[in-house]
Every structure is written in C-alpha cells, then in structure tokens.
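Participant: Got a structure here, written out as structure tokens. Questions coming.
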Amino acid sequence: MKRLVILSMFLLTLFGGWLFADIPRVINYQAKLTDADGVALNGDYDITFSIWDDATGGTLLWGPETHSGVTVTNGLFDVQLGTITELALSFADTYWVETSIEGTTLAPRQMLSTVPYAFRAIYADTTGADNDWQISGSDIYTGITPAPTGNVGIGIASPLY
C-alpha cells in the first residue's frame, strides 16, 4: 500500500503540471511566399505580422510582431504568432492578419478562421449550470414527465431501445 501511495505521489508530481496548464495562446501560421511571377522564394526574411478588425483599414488589435530571419524554403515558411507579443484577444470577433516581408506589406489581409477561434473554448467553464437533467437509477433524462424507462429516442415518442 505504501508503494502505491509513493508511486501515485511521484506520478502526480511528474504529470500534475499538465492538469493546470494554460491553453497555448499562439497561432501556427504557414504560408507560401512567391515573387510577382509566382516563383517560390528561398532565403531568410524578416516577416512582420499584425491583426486587424477589418480586411482593409480598420483598427490594429495586435502587433506588430516581427519574426527575424525566418527561413523560407521553396516558398514555404511557418511561424507561431504570439511567441513575441502576447495574443490577448478574445477571438469572439472576425480578425484579419496583415503580413509584411522585409518592410513590404502584402495584400490582401488574410481572415483568421477555425483553429484560432478554439481559444474561445477557454470560456466554456464560465457557462451556467443545466439543472434540467434528472437521474433515476440508471436512467438519465431531461424534463420528461413521467420519467423514461431506460429507452432513448430522438424524434420518437416511444423508443424501443
């Protein structure tokens, strides 16, 4: 028993930090860089990023964040936005990324979608409780009277199983 307690304490100490780790507030950004003729570029470039609230004009919300000496191979590069300047945005609105290569601003700005908006999941623990669910023996149901008999159905009044 003593070994089990010591082993449990060791494992909790070893892996316990993961239980309380914050959501990484960075965005992986990948792109292909070409010249005006569409030829993929190679080399090291200083690339600056900023986030705006509109596709053109608008208000600067984040940045600029400059990544120096980014290696571009066959036109491809990738950086993590937010590693230099904290990304303290709510991601509850539409945002646009502006990119500048060696001081030249590229157009158009790119709309952020999908993955960065997963940051919004950080607020899931602040939602209200759902008190509609009832437990009766092995049955779990919501707001149904009389209580169900163990069968589950969606869109059917009398489920068979």
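The way I read the labels, and the way they are meant: chains A, B, ... in the order of the structure tokens, residue 1 as the first residue of every chain, and ligand 1 as the first ligand shown, with later ones counted on from there.
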Contacts of stretch 49-63 of chain A at 12 Å or less, counting only C-alpha atoms, minus same-chain residues fewer than 3 places along, as a PyMOL selection string?

Facilitator: chain A and resi 27+29+46+66-68+79-112

Participant: May I have the selected residues written with C-alpha atoms, as a PDB file, in the first residue's frame?

Facilitator:
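Result file follows (part.pdb):
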ATOM      1  CA  ILE A  27      -1.319  30.668 -33.673  1.00  0.00           C
ATOM      2  CA  TYR A  29       0.854  30.455 -39.310  1.00  0.00           C
ATOM      3  CA  ASP A  46      12.204  39.369 -41.579  1.00  0.00           C
ATOM      4  CA  THR A  66       8.397  40.731 -36.198  1.00  0.00           C
ATOM      5  CA  HIS A  67       9.979  37.311 -36.705  1.00  0.00           C
ATOM      6  CA  SER A  68      13.574  37.880 -37.785  1.00  0.00           C
ATOM      7  CA  VAL A  79       5.922  30.833 -37.582  1.00  0.00           C
ATOM      8  CA  GLN A  80       3.964  30.935 -34.355  1.00  0.00           C
ATOM      9  CA  LEU A  81       2.190  34.226 -33.793  1.00  0.00           C
ATOM     10  CA  GLY A  82       2.088  35.261 -30.165  1.00  0.00           C
ATOM     11  CA  THR A  83       5.527  33.972 -29.182  1.00  0.00           C
ATOM     12  CA  ILE A  84       6.947  37.515 -29.089  1.00  0.00           C
ATOM     13  CA  THR A  85       3.882  39.678 -28.389  1.00  0.00           C
ATOM     14  CA  GLU A  86       1.133  38.144 -26.233  1.00  0.00           C
ATOM     15  CA  LEU A  87      -2.097  37.367 -28.109  1.00  0.00           C
ATOM     16  CA  ALA A  88      -4.548  38.935 -25.652  1.00  0.00           C
ATOM     17  CA  LEU A  89      -7.577  38.859 -27.962  1.00  0.00           C
ATOM     18  CA  SER A  90     -10.955  37.300 -27.165  1.00  0.00           C
ATOM     19  CA  PHE A  91     -11.375  35.657 -30.604  1.00  0.00           C
ATOM     20  CA  ALA A  92     -15.090  36.367 -30.334  1.00  0.00           C
ATOM     21  CA  ASP A  93     -14.984  38.530 -33.495  1.00  0.00           C
ATOM     22  CA  THR A  94     -13.591  38.248 -37.022  1.00  0.00           C
ATOM     23  CA  TYR A  95      -9.898  39.138 -37.267  1.00  0.00           C
ATOM     24  CA  TRP A  96      -7.567  39.714 -40.206  1.00  0.00           C
ATOM     25  CA  VAL A  97      -3.793  39.049 -40.370  1.00  0.00           C
ATOM     26  CA  GLU A  98      -1.590  41.529 -42.200  1.00  0.00           C
ATOM     27  CA  THR A  99       1.847  40.305 -43.293  1.00  0.00           C
ATOM     28  CA  SER A 100       4.890  42.384 -44.231  1.00  0.00           C
ATOM     29  CA  ILE A 101       8.032  40.880 -45.769  1.00  0.00           C
ATOM     30  CA  GLU A 102      11.198  42.939 -45.298  1.00  0.00           C
ATOM     31  CA  GLY A 103       9.013  46.044 -44.799  1.00  0.00           C
ATOM     32  CA  THR A 104       6.725  45.463 -47.814  1.00  0.00           C
ATOM     33  CA  THR A 105       3.092  44.934 -46.784  1.00  0.00           C
ATOM     34  CA  LEU A 106       1.346  42.135 -48.662  1.00  0.00           C
ATOM     35  CA  ALA A 107      -2.297  42.338 -49.694  1.00  0.00           C
ATOM     36  CA  PRO A 108      -4.938  41.255 -49.115  1.00  0.00           C
ATOM     37  CA  ARG A 109      -5.060  40.577 -45.388  1.00  0.00           C
ATOM     38  CA  GLN A 110      -5.972  37.002 -44.507  1.00  0.00           C
ATOM     39  CA  MET A 111      -9.033  36.251 -42.378  1.00  0.00           C
ATOM     40  CA  LEU A 112      -8.394  34.055 -39.337  1.00  0.00           C
TER      41      LEU A 112
END

Participant: As a PyMOL selection string, which residues of stretch 41-125 of chain A does DSSP assign to strand (DSSP E or B)?

Facilitator: chain A and resi 43-52+60-73+76-81+96-101+104-105+110-111

Participant: Store the residues of this selection in a file with C-alpha atoms, as a PDB file, in the first residue's frame.

Facilitator:
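Done, and the output landed in again06.pdb:
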ATOM      1  CA  GLY A  43      16.203  32.564 -48.114  1.00  0.00           C
ATOM      2  CA  ASP A  44      15.892  34.177 -44.709  1.00  0.00           C
ATOM      3  CA  TYR A  45      13.429  37.042 -44.310  1.00  0.00           C
ATOM      4  CA  ASP A  46      12.204  39.369 -41.579  1.00  0.00           C
ATOM      5  CA  ILE A  47       8.426  38.904 -41.502  1.00  0.00           C
ATOM      6  CA  THR A  48       6.096  41.170 -39.541  1.00  0.00           C
ATOM      7  CA  PHE A  49       2.533  40.285 -38.571  1.00  0.00           C
ATOM      8  CA  SER A  50      -0.355  42.298 -37.169  1.00  0.00           C
ATOM      9  CA  ILE A  51      -4.028  41.539 -36.525  1.00  0.00           C
ATOM     10  CA  TRP A  52      -6.789  43.938 -37.551  1.00  0.00           C
ATOM     11  CA  LEU A  60      -4.918  47.496 -35.251  1.00  0.00           C
ATOM     12  CA  LEU A  61      -5.764  44.983 -32.488  1.00  0.00           C
ATOM     13  CA  TRP A  62      -2.451  43.150 -32.064  1.00  0.00           C
ATOM     14  CA  GLY A  63       1.150  43.560 -33.105  1.00  0.00           C
ATOM     15  CA  PRO A  64       3.188  44.305 -34.935  1.00  0.00           C
ATOM     16  CA  GLU A  65       5.214  41.192 -34.159  1.00  0.00           C
ATOM     17  CA  THR A  66       8.397  40.731 -36.198  1.00  0.00           C
ATOM     18  CA  HIS A  67       9.979  37.311 -36.705  1.00  0.00           C
ATOM     19  CA  SER A  68      13.574  37.880 -37.785  1.00  0.00           C
ATOM     20  CA  GLY A  69      15.459  35.539 -40.085  1.00  0.00           C
ATOM     21  CA  VAL A  70      12.530  33.269 -40.948  1.00  0.00           C
ATOM     22  CA  THR A  71      13.793  30.517 -43.248  1.00  0.00           C
ATOM     23  CA  VAL A  72      11.762  30.227 -46.450  1.00  0.00           C
ATOM     24  CA  THR A  73      12.327  27.024 -48.429  1.00  0.00           C
ATOM     25  CA  LEU A  76       7.166  27.734 -47.603  1.00  0.00           C
ATOM     26  CA  PHE A  77       7.564  29.085 -44.088  1.00  0.00           C
ATOM     27  CA  ASP A  78       5.878  28.760 -40.751  1.00  0.00           C
ATOM     28  CA  VAL A  79       5.922  30.833 -37.582  1.00  0.00           C
ATOM     29  CA  GLN A  80       3.964  30.935 -34.355  1.00  0.00           C
ATOM     30  CA  LEU A  81       2.190  34.226 -33.793  1.00  0.00           C
ATOM     31  CA  TRP A  96      -7.567  39.714 -40.206  1.00  0.00           C
ATOM     32  CA  VAL A  97      -3.793  39.049 -40.370  1.00  0.00           C
ATOM     33  CA  GLU A  98      -1.590  41.529 -42.200  1.00  0.00           C
ATOM     34  CA  THR A  99       1.847  40.305 -43.293  1.00  0.00           C
ATOM     35  CA  SER A 100       4.890  42.384 -44.231  1.00  0.00           C
ATOM     36  CA  ILE A 101       8.032  40.880 -45.769  1.00  0.00           C
ATOM     37  CA  THR A 104       6.725  45.463 -47.814  1.00  0.00           C
ATOM     38  CA  THR A 105       3.092  44.934 -46.784  1.00  0.00           C
ATOM     39  CA  GLN A 110      -5.972  37.002 -44.507  1.00  0.00           C
ATOM     40  CA  MET A 111      -9.033  36.251 -42.378  1.00  0.00           C
TER      41      MET A 111
END

Participant: Could you jot down the atom CA of A:Arg25 to atom CA of A:Ser113 separation for me, Å, one decimal place?

Facilitator: 15.0 Å

Participant: Stretch 31-35 of chain A: which residues within 6 Å, counting only C-alpha atoms, same-chain residues fewer than 3 positions away excluded, as a PyMOL selection string?

Facilitator: chain A and resi 38-41+75-77

Participant: So which bits of stretch 35-118 of chain A end up helix (DSSP H, G or I) when you DSSP the backbone, as number ranges by chain?

Facilitator: A: 115-118

Participant: Output the selection as a PDB file, in the first residue's frame - C-alpha atoms for each residue.

Facilitator:
ATOM      1  CA  VAL A 115      -8.408  26.906 -35.183  1.00  0.00           C
ATOM      2  CA  PRO A 116      -7.627  30.297 -33.619  1.00  0.00           C
ATOM      3  CA  TYR A 117     -11.270  30.562 -32.627  1.00  0.00           C
ATOM      4  CA  ALA A 118     -10.827  27.479 -30.471  1.00  0.00           C
TER       5      ALA A 118
END
